[in-house]
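Shown next, in structure tokens, is the structure this report addresses.
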Amino acid sequence: MTARYTLVLGTKDWSSWSLRAYVALRATGAPFEEVFVPLRQQPLTGDEIKKHSGAGRVPILKIQDGGRSATVWDSLAICETLAERHPEAKLWPSDPFVRAEARSCSAEMHSGFADVRDQLSMDFVWRKPLPELREETRLQLARILDAWSSALERFGQDGGYLFGGFSVADCMYAPVVSRFVTYGVVVPESVKAYLARMMALPAMKDWAVASQQEVDAGLA
Ligand SMILES: N[C@@H](CCC(=O)N[C@@H](CS)C(=O)NCC(=O)O)C(=O)O
């Protein structure tokens, strides 16, 4: 019997952390159900999320398999768990040295770039002018571009993603890809191709359709 996955997600147009878990789960090819929690509607948002996890944050992945179950909260923990459960999806590079760098790049995203997240908040289907950037935001954008360019130059020829084949690192940066598109951030040619490749993923396209539906329904 296959595992049963339920992914608890926030409003897709806004929920950058949910997008990471979603693209990772889609990359495994495993079937899953979605539970939608509308964001920015406190206290409803908090109450709904806490029905699934005391951490009070989405995404949350619920796993039922072989009579056992687990609740995984936090986007990076979800990516790690899926990589472990679905080795065939190769969510981490097989080469340990490349993998070490892919992990670093993912962790850097997870624990950093607060100003980029704050000033360029994810609004998946919208196209907006780039706001006047704070110095910190500017530096963080430059760092992201540098990390991407370097990874793509060294490993990208083997698949077109940051570390070659599609990996957790691409999942972790998927919301940044969307932000770059939304705010028209100017990027070098090699990164332009990467943005286009990411936005063309079926998971990203489906996310865009669902985000647009939310916008049309007045939910985002
Ligand atoms: N560290 C968490 C952060 C998740 C997070 O902050 N999620 C936001 C939505 S994108 C949330 O749940 N916010 C709850 C709220 O708005 O009340 C992760 O990576 O999953």
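Please note that chains go A, B, ... in the order of the structure tokens, that every chain numbers its residues from 1, and that ligands are numbered from 1 in the order shown.
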| Can you list every residue in region 15-188 of chain A that DSSP puts in helix (DSSP H, G or I), as a VMD selection string? | chain A and resid 16 to 28 44 to 50 75 to 85 87 to 89 96 to 111 114 to 119 135 to 158 168 to 182
| request: Name the residues in contact with Tyr5 (chain A) at a cut-off of 12 Å, using only C-alpha atoms, excluding same-chain residues fewer than 2 positions from it; report them as a PyMOL selection string. | output: chain A and resi 2-3+7-8+21-22+25-26+28-35+60-65+69-72+78+81-82+85
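When only C-alpha atoms are used to measure the gap to Asp123 (chain A), the shortest distance among A:Ala200, A:Val187, A:Ala208, A:Ala24 belongs to A:Ala208.
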| message | Taking only C-alpha atoms and all ligand atoms and a cut-off of 8 Å, can you tell me which residues surround ligand 1, written as number ranges by chain? | response | A: 10, 14-18, 39-42, 45-46, 49, 56-60, 73-77, 110
| message | Set the distance at 12 Å and use only C-alpha atoms: which residues neighbour Met204 (chain A) once local chain neighbours fewer than 5 positions away are removed? I'd like the list as number ranges by chain. | response | A: 12-13, 16, 19-24, 26-27, 124-125, 170-171, 174-175, 177-178, 195-199, 209-211
Suppose we keep C-alpha atoms; can you now write the selection as an mmCIF file, in the first residue's frame?
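The new file result01.cif reads:
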```cif
data_model
loop_
_atom_site.group_PDB
_atom_site.id
_atom_site.type_symbol
_atom_site.label_atom_id
_atom_site.label_comp_id
_atom_site.auth_asym_id
_atom_site.auth_seq_id
_atom_site.Cartn_x
_atom_site.Cartn_y
_atom_site.Cartn_z
ATOM 1 C CA LYS A 12 -1.095 30.040 -2.820
ATOM 2 C CA ASP A 13 -0.616 33.549 -4.165
ATOM 3 C CA SER A 16 6.057 31.212 -0.233
ATOM 4 C CA LEU A 19 5.294 26.573 -2.432
ATOM 5 C CA ARG A 20 8.596 24.961 -1.452
ATOM 6 C CA ALA A 21 6.912 21.883 0.018
ATOM 7 C CA TYR A 22 4.449 21.706 -2.865
ATOM 8 C CA VAL A 23 7.105 21.612 -5.609
ATOM 9 C CA ALA A 24 9.100 19.036 -3.638
ATOM 10 C CA ARG A 26 5.160 17.156 -6.883
ATOM 11 C CA ALA A 27 8.718 16.174 -7.814
ATOM 12 C CA PHE A 124 2.686 34.802 -7.393
ATOM 13 C CA VAL A 125 0.402 35.978 -10.198
ATOM 14 C CA ASP A 170 15.446 24.552 -6.397
ATOM 15 C CA CYS A 171 12.441 23.905 -4.151
ATOM 16 C CA ALA A 174 11.130 28.521 -6.002
ATOM 17 C CA PRO A 175 9.453 31.432 -4.136
ATOM 18 C CA VAL A 177 12.130 32.737 -8.586
ATOM 19 C CA SER A 178 8.512 33.887 -8.402
ATOM 20 C CA LEU A 195 13.934 31.456 -14.084
ATOM 21 C CA ALA A 196 12.156 30.383 -17.286
ATOM 22 C CA ARG A 197 12.927 26.697 -16.619
ATOM 23 C CA MET A 198 11.575 26.936 -13.083
ATOM 24 C CA MET A 199 8.422 28.831 -14.098
ATOM 25 C CA VAL A 209 -3.519 28.631 -12.003
ATOM 26 C CA ALA A 210 -4.607 28.027 -8.401
ATOM 27 C CA SER A 211 -3.228 31.418 -7.308
#
```
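Residues of chain A that DSSP places in strand (DSSP E), based on the backbone of this structure, are A:Arg4, A:Tyr5, A:Thr6, A:Leu7, A:Val8, A:Leu9, A:Gly10, A:Phe32, A:Glu33, A:Glu34, A:Val35, A:Phe36, A:Val37, A:Ile60, A:Leu61, A:Lys62, A:Ile63, A:Gln64, A:Asp65, A:Arg68, A:Ser69, A:Ala70, A:Thr71, A:Val72, A:Trp73.
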Write to file, as a PDB file, in the first residue's frame, the residues of the selection just made, with N, CA and C atoms.
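Final output, saved to result.pdb:
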```pdb
ATOM      1  N   ARG A   4      -0.025   7.649   2.347  1.00  0.00           N
ATOM      2  CA  ARG A   4      -1.030   8.690   2.132  1.00  0.00           C
ATOM      3  C   ARG A   4      -0.441  10.008   2.607  1.00  0.00           C
ATOM      4  N   TYR A   5      -0.401  10.979   1.697  1.00  0.00           N
ATOM      5  CA  TYR A   5       0.142  12.295   2.027  1.00  0.00           C
ATOM      6  C   TYR A   5      -0.967  13.341   2.018  1.00  0.00           C
ATOM      7  N   THR A   6      -0.944  14.198   3.015  1.00  0.00           N
ATOM      8  CA  THR A   6      -1.824  15.368   3.033  1.00  0.00           C
ATOM      9  C   THR A   6      -0.943  16.582   3.259  1.00  0.00           C
ATOM     10  N   LEU A   7      -1.059  17.556   2.357  1.00  0.00           N
ATOM     11  CA  LEU A   7      -0.249  18.771   2.490  1.00  0.00           C
ATOM     12  C   LEU A   7      -1.162  19.925   2.877  1.00  0.00           C
ATOM     13  N   VAL A   8      -0.886  20.497   4.036  1.00  0.00           N
ATOM     14  CA  VAL A   8      -1.654  21.658   4.502  1.00  0.00           C
ATOM     15  C   VAL A   8      -0.923  22.906   4.017  1.00  0.00           C
ATOM     16  N   LEU A   9      -1.643  23.718   3.248  1.00  0.00           N
ATOM     17  CA  LEU A   9      -1.042  24.865   2.555  1.00  0.00           C
ATOM     18  C   LEU A   9      -1.777  26.158   2.875  1.00  0.00           C
ATOM     19  N   GLY A  10      -1.062  27.273   2.748  1.00  0.00           N
ATOM     20  CA  GLY A  10      -1.706  28.582   2.868  1.00  0.00           C
ATOM     21  C   GLY A  10      -2.116  29.101   1.502  1.00  0.00           C
ATOM     22  N   PHE A  32      -1.243  13.102  -3.521  1.00  0.00           N
ATOM     23  CA  PHE A  32      -1.472  13.737  -2.216  1.00  0.00           C
ATOM     24  C   PHE A  32      -2.753  14.549  -2.232  1.00  0.00           C
ATOM     25  N   GLU A  33      -3.269  14.772  -1.034  1.00  0.00           N
ATOM     26  CA  GLU A  33      -4.432  15.655  -0.891  1.00  0.00           C
ATOM     27  C   GLU A  33      -3.959  16.985  -0.352  1.00  0.00           C
ATOM     28  N   GLU A  34      -4.700  18.029  -0.670  1.00  0.00           N
ATOM     29  CA  GLU A  34      -4.353  19.355  -0.151  1.00  0.00           C
ATOM     30  C   GLU A  34      -5.418  19.813   0.838  1.00  0.00           C
ATOM     31  N   VAL A  35      -4.965  20.458   1.891  1.00  0.00           N
ATOM     32  CA  VAL A  35      -5.886  21.148   2.814  1.00  0.00           C
ATOM     33  C   VAL A  35      -5.516  22.621   2.757  1.00  0.00           C
ATOM     34  N   PHE A  36      -6.488  23.434   2.435  1.00  0.00           N
ATOM     35  CA  PHE A  36      -6.235  24.860   2.234  1.00  0.00           C
ATOM     36  C   PHE A  36      -6.565  25.649   3.506  1.00  0.00           C
ATOM     37  N   VAL A  37      -5.630  26.506   3.908  1.00  0.00           N
ATOM     38  CA  VAL A  37      -5.881  27.421   5.035  1.00  0.00           C
ATOM     39  C   VAL A  37      -5.708  28.846   4.517  1.00  0.00           C
ATOM     40  N   ILE A  60       2.481  22.077   6.238  1.00  0.00           N
ATOM     41  CA  ILE A  60       2.556  20.907   7.119  1.00  0.00           C
ATOM     42  C   ILE A  60       2.298  19.686   6.234  1.00  0.00           C
ATOM     43  N   LEU A  61       3.140  18.686   6.379  1.00  0.00           N
ATOM     44  CA  LEU A  61       2.925  17.439   5.621  1.00  0.00           C
ATOM     45  C   LEU A  61       2.530  16.355   6.606  1.00  0.00           C
ATOM     46  N   LYS A  62       1.361  15.736   6.340  1.00  0.00           N
ATOM     47  CA  LYS A  62       0.938  14.623   7.184  1.00  0.00           C
ATOM     48  C   LYS A  62       1.141  13.338   6.391  1.00  0.00           C
ATOM     49  N   ILE A  63       1.800  12.385   7.040  1.00  0.00           N
ATOM     50  CA  ILE A  63       2.127  11.119   6.375  1.00  0.00           C
ATOM     51  C   ILE A  63       1.444   9.982   7.117  1.00  0.00           C
ATOM     52  N   GLN A  64       0.776   9.122   6.345  1.00  0.00           N
ATOM     53  CA  GLN A  64       0.262   7.875   6.913  1.00  0.00           C
ATOM     54  C   GLN A  64       0.822   6.745   6.070  1.00  0.00           C
ATOM     55  N   ASP A  65       1.478   5.824   6.718  1.00  0.00           N
ATOM     56  CA  ASP A  65       2.128   4.754   5.943  1.00  0.00           C
ATOM     57  C   ASP A  65       2.305   3.518   6.826  1.00  0.00           C
ATOM     58  N   ARG A  68       1.535   3.616  10.496  1.00  0.00           N
ATOM     59  CA  ARG A  68       2.214   4.647  11.282  1.00  0.00           C
ATOM     60  C   ARG A  68       1.908   6.010  10.679  1.00  0.00           C
ATOM     61  N   SER A  69       2.122   7.053  11.453  1.00  0.00           N
ATOM     62  CA  SER A  69       1.858   8.389  10.917  1.00  0.00           C
ATOM     63  C   SER A  69       2.845   9.394  11.501  1.00  0.00           C
ATOM     64  N   ALA A  70       3.035  10.464  10.762  1.00  0.00           N
ATOM     65  CA  ALA A  70       3.900  11.557  11.240  1.00  0.00           C
ATOM     66  C   ALA A  70       3.370  12.870  10.703  1.00  0.00           C
ATOM     67  N   THR A  71       3.567  13.920  11.494  1.00  0.00           N
ATOM     68  CA  THR A  71       3.267  15.272  11.040  1.00  0.00           C
ATOM     69  C   THR A  71       4.605  15.981  10.908  1.00  0.00           C
ATOM     70  N   VAL A  72       4.856  16.539   9.720  1.00  0.00           N
ATOM     71  CA  VAL A  72       6.133  17.220   9.482  1.00  0.00           C
ATOM     72  C   VAL A  72       5.822  18.689   9.233  1.00  0.00           C
ATOM     73  N   TRP A  73       6.311  19.546  10.104  1.00  0.00           N
ATOM     74  CA  TRP A  73       6.103  20.970   9.905  1.00  0.00           C
ATOM     75  C   TRP A  73       7.446  21.584   9.535  1.00  0.00           C
TER      76      TRP A  73
END
```
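Checking A:Gln119, A:Glu88, A:Gly160, A:Arg143 one by one against Ala193 (chain A), counting only C-alpha atoms, you find the shortest gap at A:Gly160.
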Got a sec: who's within 12 Å of Gly164 (chain A), counting only C-alpha atoms, leaving out chain neighbours fewer than 2 positions off, as an mmCIF file with N, CA and C atoms, in the first residue's frame?
```
data_model
loop_
_atom_site.group_PDB
_atom_site.id
_atom_site.type_symbol
_atom_site.label_atom_id
_atom_site.label_comp_id
_atom_site.auth_asym_id
_atom_site.auth_seq_id
_atom_site.Cartn_x
_atom_site.Cartn_y
_atom_site.Cartn_z
ATOM 1 N N LYS A 90 15.558 11.684 -6.485
ATOM 2 C CA LYS A 90 16.892 12.334 -6.465
ATOM 3 C C LYS A 90 16.787 13.807 -6.050
ATOM 4 N N LEU A 91 16.112 14.021 -4.938
ATOM 5 C CA LEU A 91 15.917 15.412 -4.494
ATOM 6 C C LEU A 91 17.182 16.038 -3.913
ATOM 7 N N TRP A 92 18.172 15.219 -3.634
ATOM 8 C CA TRP A 92 19.511 15.739 -3.348
ATOM 9 C C TRP A 92 20.466 15.163 -4.393
ATOM 10 N N PRO A 93 21.498 15.927 -4.798
ATOM 11 C CA PRO A 93 22.467 15.392 -5.763
ATOM 12 C C PRO A 93 23.135 14.139 -5.208
ATOM 13 N N SER A 94 23.422 13.176 -6.084
ATOM 14 C CA SER A 94 24.017 11.920 -5.599
ATOM 15 C C SER A 94 25.482 12.101 -5.190
ATOM 16 N N ASP A 95 26.189 13.034 -5.813
ATOM 17 C CA ASP A 95 27.597 13.262 -5.459
ATOM 18 C C ASP A 95 27.668 13.964 -4.094
ATOM 19 N N VAL A 98 28.808 17.689 -4.204
ATOM 20 C CA VAL A 98 27.779 18.579 -4.777
ATOM 21 C C VAL A 98 26.627 18.696 -3.770
ATOM 22 N N ARG A 99 26.283 17.563 -3.157
ATOM 23 C CA ARG A 99 25.186 17.552 -2.180
ATOM 24 C C ARG A 99 25.489 18.487 -1.007
ATOM 25 N N GLU A 101 27.173 21.186 -1.030
ATOM 26 C CA GLU A 101 26.964 22.584 -1.433
ATOM 27 C C GLU A 101 25.476 22.878 -1.635
ATOM 28 N N ALA A 102 24.744 21.890 -2.169
ATOM 29 C CA ALA A 102 23.293 22.082 -2.348
ATOM 30 C C ALA A 102 22.610 22.261 -0.991
ATOM 31 N N TRP A 148 23.407 31.645 -7.233
ATOM 32 C CA TRP A 148 22.772 30.954 -8.367
ATOM 33 C C TRP A 148 23.743 30.863 -9.546
ATOM 34 N N ALA A 151 26.460 28.335 -8.922
ATOM 35 C CA ALA A 151 25.969 26.944 -8.959
ATOM 36 C C ALA A 151 25.646 26.544 -10.394
ATOM 37 N N LEU A 152 24.969 27.437 -11.127
ATOM 38 C CA LEU A 152 24.570 27.103 -12.505
ATOM 39 C C LEU A 152 25.796 26.899 -13.398
ATOM 40 N N GLU A 153 26.801 27.737 -13.174
ATOM 41 C CA GLU A 153 28.009 27.639 -13.991
ATOM 42 C C GLU A 153 28.734 26.316 -13.732
ATOM 43 N N ARG A 154 28.772 25.905 -12.460
ATOM 44 C CA ARG A 154 29.541 24.707 -12.110
ATOM 45 C C ARG A 154 28.776 23.406 -12.332
ATOM 46 N N PHE A 155 27.452 23.443 -12.089
ATOM 47 C CA PHE A 155 26.693 22.186 -12.124
ATOM 48 C C PHE A 155 25.517 22.192 -13.096
ATOM 49 N N GLY A 156 25.087 23.384 -13.511
ATOM 50 C CA GLY A 156 23.832 23.521 -14.259
ATOM 51 C C GLY A 156 23.804 22.800 -15.592
ATOM 52 N N GLN A 157 24.994 22.568 -16.187
ATOM 53 C CA GLN A 157 24.999 21.929 -17.512
ATOM 54 C C GLN A 157 24.451 20.511 -17.454
ATOM 55 N N ASP A 158 24.404 19.906 -16.280
ATOM 56 C CA ASP A 158 23.885 18.531 -16.153
ATOM 57 C C ASP A 158 22.400 18.506 -15.799
ATOM 58 N N GLY A 159 21.616 19.386 -16.347
ATOM 59 C CA GLY A 159 20.176 19.330 -16.060
ATOM 60 C C GLY A 159 19.494 20.682 -16.049
ATOM 61 N N GLY A 160 20.290 21.726 -15.920
ATOM 62 C CA GLY A 160 19.710 23.068 -16.025
ATOM 63 C C GLY A 160 19.206 23.646 -14.715
ATOM 64 N N TYR A 161 19.314 22.866 -13.637
ATOM 65 C CA TYR A 161 18.900 23.398 -12.335
ATOM 66 C C TYR A 161 20.158 23.765 -11.534
ATOM 67 N N LEU A 162 19.956 24.325 -10.345
ATOM 68 C CA LEU A 162 21.100 24.899 -9.625
ATOM 69 C C LEU A 162 22.242 23.916 -9.462
ATOM 70 N N PHE A 166 16.970 18.651 -10.889
ATOM 71 C CA PHE A 166 16.091 19.371 -9.959
ATOM 72 C C PHE A 166 16.296 18.822 -8.541
ATOM 73 N N SER A 167 16.517 19.735 -7.583
ATOM 74 C CA SER A 167 16.833 19.290 -6.219
ATOM 75 C C SER A 167 16.106 20.141 -5.178
ATOM 76 N N VAL A 168 16.321 19.783 -3.928
ATOM 77 C CA VAL A 168 15.745 20.550 -2.816
ATOM 78 C C VAL A 168 16.140 22.024 -2.913
ATOM 79 N N ALA A 169 17.352 22.291 -3.404
ATOM 80 C CA ALA A 169 17.789 23.695 -3.513
ATOM 81 C C ALA A 169 16.836 24.479 -4.408
ATOM 82 N N ASP A 170 16.394 23.866 -5.507
ATOM 83 C CA ASP A 170 15.446 24.552 -6.397
ATOM 84 C C ASP A 170 14.096 24.744 -5.712
ATOM 85 N N TYR A 194 17.324 30.058 -16.184
ATOM 86 C CA TYR A 194 16.931 29.280 -14.991
ATOM 87 C C TYR A 194 15.531 29.678 -14.520
#
```
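Taking only C-alpha atoms into account, Gln212 (chain A) lies nearest to A:Thr11 out of the set A:Val176, A:Gly112, A:Thr11, A:Gly54.
Using only C-alpha atoms, the shortest contact distance between Lys128 (chain A) and any of A:Leu219, A:Val181, A:Ala100, A:Cys79 is found at A:Val181.
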| request: Figure out the distance between CA of Asp206 (chain A) and CA of Val116 (chain A), please, to one decimal in Å. | output: 24.6 Å
| field | Who sits within 12 Å of Val186 (chain A), only C-alpha atoms, same chain under 2 positions skipped, as a list of chain:residue names | value | A:Pro129, A:Leu130, A:Arg138, A:Leu141, A:Ala142, A:Leu145, A:Val177, A:Arg179, A:Phe180, A:Val181, A:Thr182, A:Tyr183, A:Gly184, A:Pro188, A:Glu189, A:Ser190, A:Val191, A:Lys192, A:Leu195
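In terms of minimum interatomic distance to Met109 (chain A), A:Ile144 ranks closest within A:Gly67, A:His52, A:Ile144, A:Gln213, counting only C-alpha atoms.
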